Amino acid sequence: MIPGQFDYVRPSDLGEALRILADREGEAKVLSGGYSLIPLLKLRLAQPGLLVDIGRVDGLDGITETDDKLIIGARATHRQIHENPIVADHYPGLHDVSGGIGDPQVRNWGTIGGSVAHADPASDWPALLLALHAQVVCRSLAGERVIAARDFFVDTFTTSIAPTEVLTEVLFTRRKRNSGGAYAKLERRVGDFATAGVAAAVELHGGAIAWAGIGVTGVSPSPFAATHAEQMLVDVPARDGEFRRAGQAAGAQSEPVSDVRGPAEYKRAMVAELTVRALRAATERALAYA
Amino acid sequence: MTKQHITVTVNGEAREADVEPRLLLVHLLRDTFGLTGTHVGCDTSNCGACTVHVDGRSAKSCTMFAVQADGADITTIEGLSSGADLHPLQQAFWDQHGLQCGFCTPGMIMQAAWLLEQNPEPSEGEIREGISGNLCRCTGYVNIVKAIQQAAGTLSAAESAPVVAAETTEGVA
């Protein structure tokens with residue numbers, strides 16, 4: 001499959017990339033790892049006039065922890081994130097997601113920023129960003145915007161990023177004691193998009209849940225936060241009965257369509273089950289992180 | 001759309017080309033450079049038949065534009081062995097009957113080569129996970145896994161062997 005024609009530039013720094021995006025507003029798409037955008041170009045579902053390749057822009061792929069945040073540069077690949085010692089030791093939800101996206105070649109090149117900006121309705125990162133109340137940093141010539149993940153994913157393949165902006169960082173809250181996250185995904189085979197995927201995060205106080213976050217992917221026009229389930233989990237014991245009720249609520253809040261990956265009712269049931277599994281794993285990890 | 005001039009190193013050799021930005025890396029390798037060992041399988045980033053190494057990272061060359069590889073060091077199946085001897089992975093695929101139709105084999109071997117660079121002694125599970133981006137519709141993977149296990153053994157034996165051989169030669173001299 002041959003994409004339509006386009007111009008291509010590979011700026012060496014972010015400032016140059018932002019100037020080009022401003023000059024060619026609406027015509028250009030940002031290219032990073034390419035594993036989301038290039039398949040779309042080949043199918044001619046996207047036909048931008050210009051690709052701005054940020055693959056050689058320095059300084060956008062760091063993974064650093066500050067007093068209150070974990071900051072991941074947009075160009076960090078799934079593999080870099082998965083193999084990062086801070087992530088491996090302290091951020092199990094990120095470790096789950098980054099190790100399970102696509103296949104090894106995809107993880108070698110695909111980036112967190114690319115995946116988040118692409119906003120495929122069945123992609124993995126958005127579910128976790130929603131569960132953890134992450135933030136997305138976007139920069140343009142006009143300055144920087146920090147957007148809450150819960151305001152970022154607008155619709156299918158649609159985010160609140162502007163055509164003149166580059167997504168530069170994803171910000172997670174630094175992990176607290178007695179908290180943990182997890183991601184549970186159902187796929188037909190390795191490397192397929194999620195039939196359904198649920199990310200869960202909990203913070204425990206005594207034996208009870210002080211706070212819970214749940215992000216769901218694959219079963220709606222866009223990944224969403226299962227807010228009904230989250231509300232049901234506040235100040236209740238962290239145990240299976242409560243997880244099941246939350247799972248039912250998350251399934252009910254889904255809007256799946258019947259397709260090659262299964263009928264809608266099956267997908268709702270899977271969301272319920274995956275919610276239970278993700279909450280169980282998140283709780284175990286929170287208990288082990290006292 | 002204007003063509004762009006790119007320079008790449010392919011299997012140790014500097015190559016240049018003027019390419020349209022939309023030219024995929026796999027077509028640069030096959031059509032422009034005549035290196036047809038790299039196959040186009042699904043053309044949808046799924047099957048891994050087009051796997052090559054770009055700056056030491058395994059990549060699906062149907063999911064990368066040639067212009068993105070400007071300045072990069074690329075290794076294809078043609079560059080895996082030195083001279084007439086087969087690379088231990090190629091020999092192992094032969095010995096273990098790790099192929100039937102052979103269409104997936106170049107990509108499978110390049111992915112296995114990358115895997116063994118990252119993890120010289122992988123478990124069976126790690127091998128299966130490592131080649132999960134490469135599809136084979138003939139073998140059922142059993143002999144492919146055996147072949148990669150054999151090559152891992154050969155490569156790690158070769159890793160330790162030359163030191164002994166050098167000492168022996170020195171002793172004789």
# chains A, B, ... in the order shown; residues from 1 in each chain; ligands from 1
>>> interface_residues(of="chain A", to="chain B", cutoff="8 Å", atoms="only C-alpha atoms", output="NGL selection string")
:A and (1-8 or 34-35 or 38-39 or 53 or 55 or 102-106 or 108-109 or 190-191)
>>> select_by_dssp(residues="stretch 17-101 of chain A", states="strand (DSSP E)", output="PyMOL selection string")
chain A and resi 28-31+50-53+63-65+69-73
>>> residues_around(residues="stretch 128-136 of chain A", least_positions_apart="6", cutoff="6 Å", atoms="only C-alpha atoms", output="PDB file with C-alpha atoms, in the first residue's frame")
ATOM      1  CA  VAL A 146      -1.079  21.345  30.668  1.00  0.00           C
ATOM      2  CA  ILE A 147      -4.238  19.378  29.932  1.00  0.00           C
ATOM      3  CA  ALA A 148      -5.828  16.845  32.271  1.00  0.00           C
ATOM      4  CA  ALA A 149      -6.126  13.433  30.613  1.00  0.00           C
ATOM      5  CA  ARG A 150      -9.831  13.549  31.486  1.00  0.00           C
ATOM      6  CA  VAL A 170       3.041  13.052  29.972  1.00  0.00           C
ATOM      7  CA  LEU A 171       2.886  13.795  33.713  1.00  0.00           C
ATOM      8  CA  PHE A 172       1.873  11.239  36.320  1.00  0.00           C
ATOM      9  CA  ALA A 199      -6.679   0.259  34.004  1.00  0.00           C
ATOM     10  CA  ALA A 200      -7.258   0.623  37.733  1.00  0.00           C
ATOM     11  CA  GLY A 213      -9.385   5.556  39.383  1.00  0.00           C
ATOM     12  CA  ILE A 214     -10.616   3.405  36.493  1.00  0.00           C
ATOM     13  CA  GLY A 215      -9.927   3.933  32.772  1.00  0.00           C
ATOM     14  CA  ALA A 225     -13.063   7.102  32.932  1.00  0.00           C
TER      15      ALA A 225
END
>>> atom_distance(atom1="atom CA of A:Val30", atom2="atom CA of B:His39")
28.0 Å
>>> residues_around(residues="A:Ala272", least_positions_apart="3", cutoff="8 Å", atoms="only C-alpha atoms", output="PyMOL selection string")
chain A and resi 244+246-251+268-269+275-276
>>> closest_atom_pairs(of="stretch 15-60 of chain B", to="stretch 77-82 of chain B", cutoff="8 Å", atoms="only C-alpha atoms", output="Markdown table")
| residue | atom | partner | partner_atom | distance |
| --- | --- | --- | --- | --- |
| B:Leu35 | CA | B:Glu78 | CA | 7.3 |
| B:Gly37 | CA | B:Ile77 | CA | 6.2 |
| B:Thr38 | CA | B:Ile77 | CA | 6.7 |
| B:Val52 | CA | B:Ile77 | CA | 7.3 |
>>> write_last_selection(atoms="N, CA and C atoms", output="short mmCIF file (atom, residue, chain, number, x, y, z; two decimals), in the first residue's frame")
data_model
loop_
_atom_site.label_atom_id
_atom_site.label_comp_id
_atom_site.auth_asym_id
_atom_site.auth_seq_id
_atom_site.Cartn_x
_atom_site.Cartn_y
_atom_site.Cartn_z
N LEU B 35 17.90 -5.47 -2.69
CA LEU B 35 18.07 -6.43 -1.60
C LEU B 35 16.72 -7.09 -1.31
N GLY B 37 15.94 -9.95 -0.15
CA GLY B 37 15.80 -10.90 0.96
C GLY B 37 14.75 -10.45 1.96
N THR B 38 14.60 -9.16 2.13
CA THR B 38 13.57 -8.62 3.02
C THR B 38 12.23 -8.70 2.30
N VAL B 52 13.88 -5.68 9.73
CA VAL B 52 15.32 -5.40 9.57
C VAL B 52 15.78 -4.70 10.85
#
>>> atom_distance(atom1="atom CA of A:Arg261", atom2="atom CA of A:Ala282")
26.5 Å
>>> closest_residue(among="B:Cys101, B:Ile74, B:Gln96, B:Gly107", to="B:Gln149", atoms="only C-alpha atoms")
B:Gln96
>>> select_by_dssp(residues="chain B", states="alpha helix (DSSP H)", output="number ranges by chain")
B: 25-27, 88-95, 105-118, 124-130, 142-172
>>> closest_atom_pairs(of="stretch 23-119 of chain B", to="stretch 150-159 of chain B", cutoff="7 Å", atoms="only C-alpha atoms", output="tab-separated table")
residue	atom	partner	partner_atom	distance
B:Pro88	CA	B:Ala151	CA	5.3
B:Leu89	CA	B:Ala151	CA	5.1
B:Ala92	CA	B:Ala151	CA	5.7
B:Leu116	CA	B:Ala152	CA	6.7
>>> write_last_selection(atoms="N, CA and C atoms", output="PDB file, in the first residue's frame")
ATOM      1  N   PRO B  88      24.935 -18.483  12.574  1.00  0.00           N
ATOM      2  CA  PRO B  88      24.399 -19.578  13.406  1.00  0.00           C
ATOM      3  C   PRO B  88      22.868 -19.683  13.381  1.00  0.00           C
ATOM      4  N   LEU B  89      22.173 -18.553  13.242  1.00  0.00           N
ATOM      5  CA  LEU B  89      20.707 -18.622  13.162  1.00  0.00           C
ATOM      6  C   LEU B  89      20.267 -19.248  11.838  1.00  0.00           C
ATOM      7  N   ALA B  92      20.915 -22.876  12.058  1.00  0.00           N
ATOM      8  CA  ALA B  92      19.974 -23.530  12.977  1.00  0.00           C
ATOM      9  C   ALA B  92      18.597 -23.687  12.333  1.00  0.00           C
ATOM     10  N   LEU B 116      18.362 -12.254  20.457  1.00  0.00           N
ATOM     11  CA  LEU B 116      19.550 -12.857  21.069  1.00  0.00           C
ATOM     12  C   LEU B 116      20.598 -11.812  21.433  1.00  0.00           C
TER      13      LEU B 116
END
>>> residues_around(residues="B:Thr9", least_positions_apart="4", cutoff="7 Å", atoms="only C-alpha atoms", output="list in words")
Glu13, Ala14, Arg15, Ala72, Asp73 and Ile74 of chain B
>>> write_last_selection(atoms="C-alpha atoms", output="PDB file, in the first residue's frame")
ATOM      1  CA  GLU B  13      28.119  -0.261   2.882  1.00  0.00           C
ATOM      2  CA  ALA B  14      27.265   3.439   2.369  1.00  0.00           C
ATOM      3  CA  ARG B  15      24.367   3.844  -0.076  1.00  0.00           C
ATOM      4  CA  ALA B  72      20.862   5.278   9.871  1.00  0.00           C
ATOM      5  CA  ASP B  73      22.776   2.021   9.970  1.00  0.00           C
ATOM      6  CA  ILE B  74      20.623  -0.773   8.541  1.00  0.00           C
TER       7      ILE B  74
END
>>> atom_distance(atom1="atom CA of A:Ser123", atom2="atom CA of A:Ile101")
8.3 Å
>>> residues_around(residues="B:Thr139", least_positions_apart="2", cutoff="9 Å", atoms="only C-alpha atoms", output="PyMOL selection string")
chain B and resi 97-101+136-137+141-144
>>> write_last_selection(atoms="N, CA and C atoms", output="mmCIF file, in the first residue's frame")
data_model
loop_
_atom_site.group_PDB
_atom_site.id
_atom_site.type_symbol
_atom_site.label_atom_id
_atom_site.label_comp_id
_atom_site.auth_asym_id
_atom_site.auth_seq_id
_atom_site.Cartn_x
_atom_site.Cartn_y
_atom_site.Cartn_z
ATOM 1 N N HIS B 97 14.857 -27.499 10.684
ATOM 2 C CA HIS B 97 13.716 -27.395 9.774
ATOM 3 C C HIS B 97 12.765 -26.294 10.262
ATOM 4 N N GLY B 98 13.350 -25.113 10.515
ATOM 5 C CA GLY B 98 12.588 -23.991 11.061
ATOM 6 C C GLY B 98 11.817 -23.216 10.011
ATOM 7 N N LEU B 99 11.626 -23.800 8.855
ATOM 8 C CA LEU B 99 10.841 -23.138 7.812
ATOM 9 C C LEU B 99 10.223 -24.182 6.890
ATOM 10 N N GLN B 100 9.121 -23.772 6.274
ATOM 11 C CA GLN B 100 8.558 -24.613 5.217
ATOM 12 C C GLN B 100 8.538 -23.801 3.925
ATOM 13 N N CYS B 101 7.601 -22.853 3.793
ATOM 14 C CA CYS B 101 7.603 -22.078 2.548
ATOM 15 C C CYS B 101 8.714 -21.042 2.529
ATOM 16 N N CYS B 136 4.176 -16.918 11.236
ATOM 17 C CA CYS B 136 4.511 -18.023 10.343
ATOM 18 C C CYS B 136 3.250 -18.857 10.183
ATOM 19 N N ARG B 137 2.825 -19.071 8.934
ATOM 20 C CA ARG B 137 1.587 -19.815 8.722
ATOM 21 C C ARG B 137 1.842 -21.292 8.413
ATOM 22 N N TYR B 141 5.494 -22.874 14.602
ATOM 23 C CA TYR B 141 6.526 -22.233 15.433
ATOM 24 C C TYR B 141 7.421 -23.198 16.211
ATOM 25 N N VAL B 142 7.034 -24.476 16.314
ATOM 26 C CA VAL B 142 7.793 -25.395 17.182
ATOM 27 C C VAL B 142 9.257 -25.465 16.740
ATOM 28 N N ASN B 143 9.468 -25.667 15.444
ATOM 29 C CA ASN B 143 10.850 -25.804 14.974
ATOM 30 C C ASN B 143 11.581 -24.465 14.910
ATOM 31 N N ILE B 144 10.815 -23.393 14.765
ATOM 32 C CA ILE B 144 11.440 -22.063 14.802
ATOM 33 C C ILE B 144 12.019 -21.821 16.197
#
>>> residues_around(residues="stretch 56-64 of chain A", least_positions_apart="6", cutoff="8 Å", atoms="only C-alpha atoms", output="PyMOL selection string")
chain A and resi 10-14+70-77+81+84+168-169
>>> write_last_selection(atoms="C-alpha atoms", output="mmCIF file, in the first residue's frame")
data_model
loop_
_atom_site.group_PDB
_atom_site.id
_atom_site.type_symbol
_atom_site.label_atom_id
_atom_site.label_comp_id
_atom_site.auth_asym_id
_atom_site.auth_seq_id
_atom_site.Cartn_x
_atom_site.Cartn_y
_atom_site.Cartn_z
ATOM 1 C CA ARG A 10 12.933 16.458 10.057
ATOM 2 C CA PRO A 11 13.690 19.419 12.303
ATOM 3 C CA SER A 12 16.527 19.020 14.764
ATOM 4 C CA ASP A 13 14.956 20.994 17.573
ATOM 5 C CA LEU A 14 11.506 21.591 18.955
ATOM 6 C CA LEU A 70 6.852 11.201 37.157
ATOM 7 C CA ILE A 71 7.606 12.986 33.877
ATOM 8 C CA ILE A 72 7.823 10.983 30.669
ATOM 9 C CA GLY A 73 9.020 12.639 27.465
ATOM 10 C CA ALA A 74 6.661 12.160 24.536
ATOM 11 C CA ARG A 75 9.285 10.400 22.412
ATOM 12 C CA ALA A 76 10.054 7.733 25.027
ATOM 13 C CA THR A 77 9.323 4.394 23.389
ATOM 14 C CA ILE A 81 9.435 2.980 29.560
ATOM 15 C CA ASN A 84 13.207 1.993 32.972
ATOM 16 C CA THR A 168 5.909 17.045 24.687
ATOM 17 C CA GLU A 169 5.387 15.265 28.011
#
